[in-house]
Amino acid sequence: MPQTNKIKKVLFLDRDGVINVEADGYVTDWKEFEFLPDALDTIRRATDEGYRIIVVSNQSAINRGLCSRETIDEIMSNMVEKVEAHGGKIKDIFYCPHTPDDKCKCRKPEPDLFFQAAEKYNIKLTNTWFVGDKLTDVAVAMRVGTKPILIRGGKPVPGITVTEEDAVKVVNNLSEAFDFLFAMDKLRLVTDA
Ligand SMILES: [Mg+2]
Ligand SMILES: [Zn+2]
């Protein structure tokens, strides 16, 4: 059999507004977690194409005292289970439990979640993609060097100076984001050869 040319590709995903419906408040119970219509299929496609999927998420509900870390972990592991039942895989999840007042280094647009992932898996961030739904996601991507794709419709974030123009691409959902990045990576592999 010919050697497949698949390299290990890394796709970072924000969670709320990308994988699941962004709740009005916070998702503090699995019952409130609702997958977006295209999410499970797209994660399976990306998995099939050899992407390692890593979720990076702000979960300030924890330090706001709205729910426990155990509850967030339970929601995350239920999500991972559903993804796997659908044929996809989420390699790992990095989340920030802090509020803006905690002034931590991991709440996006601070970069540390990406640095933690990069260190743990020896990832060169400039070779990766990050799909998010807020301009904070674009801002952090620009800081750490991953390529930002913005899903339209995220709530505005005060104090963020980047605009939609700073995203590599603006799309309507995860499926469109994957179509784009997959095409771009194919092009890159061809031109790099
Ligand atoms: Mg989001
Ligand atoms: Zn943090």
# chains A, B, ... in the order shown; residues from 1 in each chain; ligands from 1

$ residues_around --residues "Gln116 in chain A" --least-positions-apart "4" --cutoff "8 Å" --atoms "only C-alpha atoms" --output "MDAnalysis selection string"
chainID A and resid 94 112 120

$ residues_near_ligand --ligand "ligand 1" --cutoff "6 Å" --atoms "only C-alpha atoms and all ligand atoms" --output "ChimeraX atom specification"
/A:14-17,132-134

$ write_last_selection --atoms "C-alpha atoms" --output "PDB file, in the first residue's frame"
ATOM      1  CA  ASP A  14     -13.365  26.896  21.049  1.00  0.00           C
ATOM      2  CA  ARG A  15     -16.342  25.175  22.677  1.00  0.00           C
ATOM      3  CA  ASP A  16     -19.345  27.439  23.222  1.00  0.00           C
ATOM      4  CA  GLY A  17     -20.656  28.824  19.937  1.00  0.00           C
ATOM      5  CA  GLY A 132     -13.725  30.419  17.567  1.00  0.00           C
ATOM      6  CA  ASP A 133     -16.802  32.599  17.621  1.00  0.00           C
ATOM      7  CA  LYS A 134     -15.549  35.699  19.382  1.00  0.00           C
TER       8      LYS A 134
END

$ closest_atom_pairs --of "chain A" --to "ligand 2" --cutoff "12 Å" --atoms "only C-alpha atoms and all ligand atoms" --output "tab-separated table"
residue	atom	partner	partner_atom_place_in_ligand_line	distance
A:Val56	CA	ligand 2	1 (Zn)	11.2
A:Ser57	CA	ligand 2	1 (Zn)	9.8
A:Asn58	CA	ligand 2	1 (Zn)	7.5
A:Gln59	CA	ligand 2	1 (Zn)	8.6
A:Ser60	CA	ligand 2	1 (Zn)	8.1
A:Ala61	CA	ligand 2	1 (Zn)	11.6
A:Ile62	CA	ligand 2	1 (Zn)	10.6
A:Asn63	CA	ligand 2	1 (Zn)	9.5
A:Phe94	CA	ligand 2	1 (Zn)	10.2
A:Tyr95	CA	ligand 2	1 (Zn)	7.6
A:Cys96	CA	ligand 2	1 (Zn)	4.1
A:Pro97	CA	ligand 2	1 (Zn)	5.5
A:His98	CA	ligand 2	1 (Zn)	4.4
A:Thr99	CA	ligand 2	1 (Zn)	7.2
A:Pro100	CA	ligand 2	1 (Zn)	8.2
A:Asp101	CA	ligand 2	1 (Zn)	10.0
A:Asp102	CA	ligand 2	1 (Zn)	7.5
A:Lys103	CA	ligand 2	1 (Zn)	7.5
A:Cys104	CA	ligand 2	1 (Zn)	4.6
A:Lys105	CA	ligand 2	1 (Zn)	5.6
A:Cys106	CA	ligand 2	1 (Zn)	3.8
A:Arg107	CA	ligand 2	1 (Zn)	4.1
A:Lys108	CA	ligand 2	1 (Zn)	7.8
A:Pro109	CA	ligand 2	1 (Zn)	10.0
A:Glu110	CA	ligand 2	1 (Zn)	8.1
A:Pro111	CA	ligand 2	1 (Zn)	9.6
A:Asp112	CA	ligand 2	1 (Zn)	8.0
A:Leu113	CA	ligand 2	1 (Zn)	8.2
A:Phe114	CA	ligand 2	1 (Zn)	11.7
A:Gln116	CA	ligand 2	1 (Zn)	11.7

$ write_last_selection --atoms "N, CA and C atoms" --output "PDB file, in the first residue's frame"
ATOM      1  N   VAL A  56     -10.129  24.435  23.461  1.00  0.00           N
ATOM      2  CA  VAL A  56      -9.613  25.470  24.376  1.00  0.00           C
ATOM      3  C   VAL A  56     -10.770  26.402  24.726  1.00  0.00           C
ATOM      4  N   SER A  57     -11.074  26.500  26.011  1.00  0.00           N
ATOM      5  CA  SER A  57     -12.343  27.108  26.385  1.00  0.00           C
ATOM      6  C   SER A  57     -12.225  27.916  27.679  1.00  0.00           C
ATOM      7  N   ASN A  58     -12.867  29.069  27.685  1.00  0.00           N
ATOM      8  CA  ASN A  58     -13.005  29.832  28.937  1.00  0.00           C
ATOM      9  C   ASN A  58     -14.226  29.312  29.686  1.00  0.00           C
ATOM     10  N   GLN A  59     -14.046  28.913  30.921  1.00  0.00           N
ATOM     11  CA  GLN A  59     -15.174  28.418  31.728  1.00  0.00           C
ATOM     12  C   GLN A  59     -15.201  29.146  33.068  1.00  0.00           C
ATOM     13  N   SER A  60     -15.453  30.454  32.969  1.00  0.00           N
ATOM     14  CA  SER A  60     -15.396  31.275  34.183  1.00  0.00           C
ATOM     15  C   SER A  60     -16.552  30.992  35.136  1.00  0.00           C
ATOM     16  N   ALA A  61     -17.539  30.210  34.694  1.00  0.00           N
ATOM     17  CA  ALA A  61     -18.638  29.842  35.597  1.00  0.00           C
ATOM     18  C   ALA A  61     -18.083  29.236  36.883  1.00  0.00           C
ATOM     19  N   ILE A  62     -16.921  28.597  36.773  1.00  0.00           N
ATOM     20  CA  ILE A  62     -16.332  27.954  37.962  1.00  0.00           C
ATOM     21  C   ILE A  62     -15.969  29.012  39.008  1.00  0.00           C
ATOM     22  N   ASN A  63     -15.130  29.954  38.621  1.00  0.00           N
ATOM     23  CA  ASN A  63     -14.708  30.951  39.623  1.00  0.00           C
ATOM     24  C   ASN A  63     -15.762  32.022  39.897  1.00  0.00           C
ATOM     25  N   PHE A  94      -8.430  21.937  27.176  1.00  0.00           N
ATOM     26  CA  PHE A  94      -7.784  22.861  28.099  1.00  0.00           C
ATOM     27  C   PHE A  94      -8.785  23.980  28.380  1.00  0.00           C
ATOM     28  N   TYR A  95      -9.054  24.218  29.650  1.00  0.00           N
ATOM     29  CA  TYR A  95      -9.984  25.306  29.938  1.00  0.00           C
ATOM     30  C   TYR A  95      -9.489  26.177  31.080  1.00  0.00           C
ATOM     31  N   CYS A  96      -9.958  27.413  31.063  1.00  0.00           N
ATOM     32  CA  CYS A  96      -9.612  28.381  32.095  1.00  0.00           C
ATOM     33  C   CYS A  96     -10.802  28.558  33.029  1.00  0.00           C
ATOM     34  N   PRO A  97     -10.611  28.364  34.335  1.00  0.00           N
ATOM     35  CA  PRO A  97     -11.715  28.485  35.286  1.00  0.00           C
ATOM     36  C   PRO A  97     -11.889  29.904  35.824  1.00  0.00           C
ATOM     37  N   HIS A  98     -11.011  30.809  35.421  1.00  0.00           N
ATOM     38  CA  HIS A  98     -10.918  32.123  36.078  1.00  0.00           C
ATOM     39  C   HIS A  98     -11.910  33.134  35.523  1.00  0.00           C
ATOM     40  N   THR A  99     -12.113  34.196  36.289  1.00  0.00           N
ATOM     41  CA  THR A  99     -12.884  35.344  35.816  1.00  0.00           C
ATOM     42  C   THR A  99     -11.877  36.410  35.368  1.00  0.00           C
ATOM     43  N   PRO A 100     -12.354  37.418  34.641  1.00  0.00           N
ATOM     44  CA  PRO A 100     -11.420  38.484  34.242  1.00  0.00           C
ATOM     45  C   PRO A 100     -10.711  39.100  35.448  1.00  0.00           C
ATOM     46  N   ASP A 101     -11.401  39.201  36.582  1.00  0.00           N
ATOM     47  CA  ASP A 101     -10.798  39.816  37.770  1.00  0.00           C
ATOM     48  C   ASP A 101      -9.632  39.009  38.331  1.00  0.00           C
ATOM     49  N   ASP A 102      -9.574  37.741  38.016  1.00  0.00           N
ATOM     50  CA  ASP A 102      -8.467  36.912  38.509  1.00  0.00           C
ATOM     51  C   ASP A 102      -7.140  37.267  37.834  1.00  0.00           C
ATOM     52  N   LYS A 103      -7.243  37.965  36.725  1.00  0.00           N
ATOM     53  CA  LYS A 103      -6.039  38.376  35.980  1.00  0.00           C
ATOM     54  C   LYS A 103      -5.068  37.212  35.749  1.00  0.00           C
ATOM     55  N   CYS A 104      -5.607  36.092  35.297  1.00  0.00           N
ATOM     56  CA  CYS A 104      -4.770  34.917  35.052  1.00  0.00           C
ATOM     57  C   CYS A 104      -4.103  35.044  33.690  1.00  0.00           C
ATOM     58  N   LYS A 105      -3.324  34.046  33.360  1.00  0.00           N
ATOM     59  CA  LYS A 105      -2.633  34.050  32.068  1.00  0.00           C
ATOM     60  C   LYS A 105      -3.272  33.072  31.080  1.00  0.00           C
ATOM     61  N   CYS A 106      -4.404  32.474  31.502  1.00  0.00           N
ATOM     62  CA  CYS A 106      -4.977  31.449  30.616  1.00  0.00           C
ATOM     63  C   CYS A 106      -6.345  31.812  30.051  1.00  0.00           C
ATOM     64  N   ARG A 107      -6.987  32.835  30.597  1.00  0.00           N
ATOM     65  CA  ARG A 107      -8.297  33.193  30.054  1.00  0.00           C
ATOM     66  C   ARG A 107      -8.104  33.881  28.706  1.00  0.00           C
ATOM     67  N   LYS A 108      -8.643  33.291  27.645  1.00  0.00           N
ATOM     68  CA  LYS A 108      -8.505  33.913  26.333  1.00  0.00           C
ATOM     69  C   LYS A 108      -9.056  35.343  26.391  1.00  0.00           C
ATOM     70  N   PRO A 109      -8.422  36.367  25.872  1.00  0.00           N
ATOM     71  CA  PRO A 109      -7.320  36.296  24.897  1.00  0.00           C
ATOM     72  C   PRO A 109      -5.916  36.143  25.475  1.00  0.00           C
ATOM     73  N   GLU A 110      -5.778  35.799  26.749  1.00  0.00           N
ATOM     74  CA  GLU A 110      -4.441  35.457  27.243  1.00  0.00           C
ATOM     75  C   GLU A 110      -4.038  34.120  26.607  1.00  0.00           C
ATOM     76  N   PRO A 111      -2.746  33.912  26.435  1.00  0.00           N
ATOM     77  CA  PRO A 111      -2.308  32.805  25.570  1.00  0.00           C
ATOM     78  C   PRO A 111      -2.074  31.440  26.224  1.00  0.00           C
ATOM     79  N   ASP A 112      -2.134  31.340  27.560  1.00  0.00           N
ATOM     80  CA  ASP A 112      -1.535  30.166  28.194  1.00  0.00           C
ATOM     81  C   ASP A 112      -2.165  28.810  27.848  1.00  0.00           C
ATOM     82  N   LEU A 113      -3.460  28.774  27.560  1.00  0.00           N
ATOM     83  CA  LEU A 113      -4.064  27.477  27.216  1.00  0.00           C
ATOM     84  C   LEU A 113      -3.377  26.886  25.988  1.00  0.00           C
ATOM     85  N   PHE A 114      -3.061  27.758  25.046  1.00  0.00           N
ATOM     86  CA  PHE A 114      -2.384  27.300  23.826  1.00  0.00           C
ATOM     87  C   PHE A 114      -0.958  26.852  24.128  1.00  0.00           C
ATOM     88  N   GLN A 116       0.098  25.687  26.982  1.00  0.00           N
ATOM     89  CA  GLN A 116       0.011  24.397  27.696  1.00  0.00           C
ATOM     90  C   GLN A 116      -0.148  23.246  26.706  1.00  0.00           C
TER      91      GLN A 116
END

$ select_by_dssp --residues "range 126-176 of chain A" --states "helix (DSSP H, G or I)" --output "PyMOL selection string"
chain A and resi 126-127+135-144+164-166+174-176

$ write_last_selection --atoms "N, CA and C atoms" --output "PDB file, in the first residue's frame"
ATOM      1  N   THR A 126       2.173  27.633  14.744  1.00  0.00           N
ATOM      2  CA  THR A 126       1.982  28.294  13.447  1.00  0.00           C
ATOM      3  C   THR A 126       1.459  27.332  12.386  1.00  0.00           C
ATOM      4  N   ASN A 127       1.532  26.036  12.662  1.00  0.00           N
ATOM      5  CA  ASN A 127       0.997  25.056  11.710  1.00  0.00           C
ATOM      6  C   ASN A 127      -0.442  24.672  12.018  1.00  0.00           C
ATOM      7  N   LEU A 135     -14.263  37.670  18.943  1.00  0.00           N
ATOM      8  CA  LEU A 135     -13.044  38.380  18.556  1.00  0.00           C
ATOM      9  C   LEU A 135     -11.913  38.109  19.547  1.00  0.00           C
ATOM     10  N   THR A 136     -12.243  37.749  20.782  1.00  0.00           N
ATOM     11  CA  THR A 136     -11.175  37.325  21.708  1.00  0.00           C
ATOM     12  C   THR A 136     -10.445  36.096  21.165  1.00  0.00           C
ATOM     13  N   ASP A 137     -11.180  35.238  20.473  1.00  0.00           N
ATOM     14  CA  ASP A 137     -10.551  34.048  19.898  1.00  0.00           C
ATOM     15  C   ASP A 137      -9.588  34.439  18.776  1.00  0.00           C
ATOM     16  N   VAL A 138     -10.009  35.419  17.990  1.00  0.00           N
ATOM     17  CA  VAL A 138      -9.115  35.916  16.934  1.00  0.00           C
ATOM     18  C   VAL A 138      -7.888  36.574  17.569  1.00  0.00           C
ATOM     19  N   ALA A 139      -8.136  37.331  18.631  1.00  0.00           N
ATOM     20  CA  ALA A 139      -7.038  38.050  19.285  1.00  0.00           C
ATOM     21  C   ALA A 139      -5.998  37.077  19.853  1.00  0.00           C
ATOM     22  N   VAL A 140      -6.447  36.036  20.508  1.00  0.00           N
ATOM     23  CA  VAL A 140      -5.479  35.106  21.099  1.00  0.00           C
ATOM     24  C   VAL A 140      -4.749  34.337  20.000  1.00  0.00           C
ATOM     25  N   ALA A 141      -5.458  34.027  18.936  1.00  0.00           N
ATOM     26  CA  ALA A 141      -4.811  33.331  17.823  1.00  0.00           C
ATOM     27  C   ALA A 141      -3.669  34.167  17.258  1.00  0.00           C
ATOM     28  N   MET A 142      -3.920  35.469  17.122  1.00  0.00           N
ATOM     29  CA  MET A 142      -2.879  36.348  16.601  1.00  0.00           C
ATOM     30  C   MET A 142      -1.678  36.403  17.548  1.00  0.00           C
ATOM     31  N   ARG A 143      -1.942  36.322  18.837  1.00  0.00           N
ATOM     32  CA  ARG A 143      -0.846  36.369  19.808  1.00  0.00           C
ATOM     33  C   ARG A 143       0.019  35.124  19.768  1.00  0.00           C
ATOM     34  N   VAL A 144      -0.616  33.961  19.597  1.00  0.00           N
ATOM     35  CA  VAL A 144       0.170  32.723  19.702  1.00  0.00           C
ATOM     36  C   VAL A 144       0.573  32.165  18.344  1.00  0.00           C
ATOM     37  N   GLU A 164     -13.116  41.656  12.590  1.00  0.00           N
ATOM     38  CA  GLU A 164     -13.321  40.448  11.782  1.00  0.00           C
ATOM     39  C   GLU A 164     -12.265  40.308  10.683  1.00  0.00           C
ATOM     40  N   GLU A 165     -11.782  41.458  10.222  1.00  0.00           N
ATOM     41  CA  GLU A 165     -10.767  41.439   9.152  1.00  0.00           C
ATOM     42  C   GLU A 165      -9.496  40.714   9.577  1.00  0.00           C
ATOM     43  N   ASP A 166      -9.270  40.642  10.876  1.00  0.00           N
ATOM     44  CA  ASP A 166      -8.058  39.996  11.357  1.00  0.00           C
ATOM     45  C   ASP A 166      -8.146  38.473  11.320  1.00  0.00           C
ATOM     46  N   LEU A 174     -19.032  25.588  11.989  1.00  0.00           N
ATOM     47  CA  LEU A 174     -17.820  24.767  12.035  1.00  0.00           C
ATOM     48  C   LEU A 174     -17.595  24.006  10.734  1.00  0.00           C
ATOM     49  N   SER A 175     -18.682  23.575  10.129  1.00  0.00           N
ATOM     50  CA  SER A 175     -18.568  22.834   8.885  1.00  0.00           C
ATOM     51  C   SER A 175     -17.892  23.684   7.797  1.00  0.00           C
ATOM     52  N   GLU A 176     -18.328  24.922   7.666  1.00  0.00           N
ATOM     53  CA  GLU A 176     -17.699  25.825   6.687  1.00  0.00           C
ATOM     54  C   GLU A 176     -16.242  26.113   7.063  1.00  0.00           C
TER      55      GLU A 176
END

$ atom_distance --atom1 "CA of Lys169 in chain A" --atom2 "CA of Leu150 in chain A"
6.3 Å
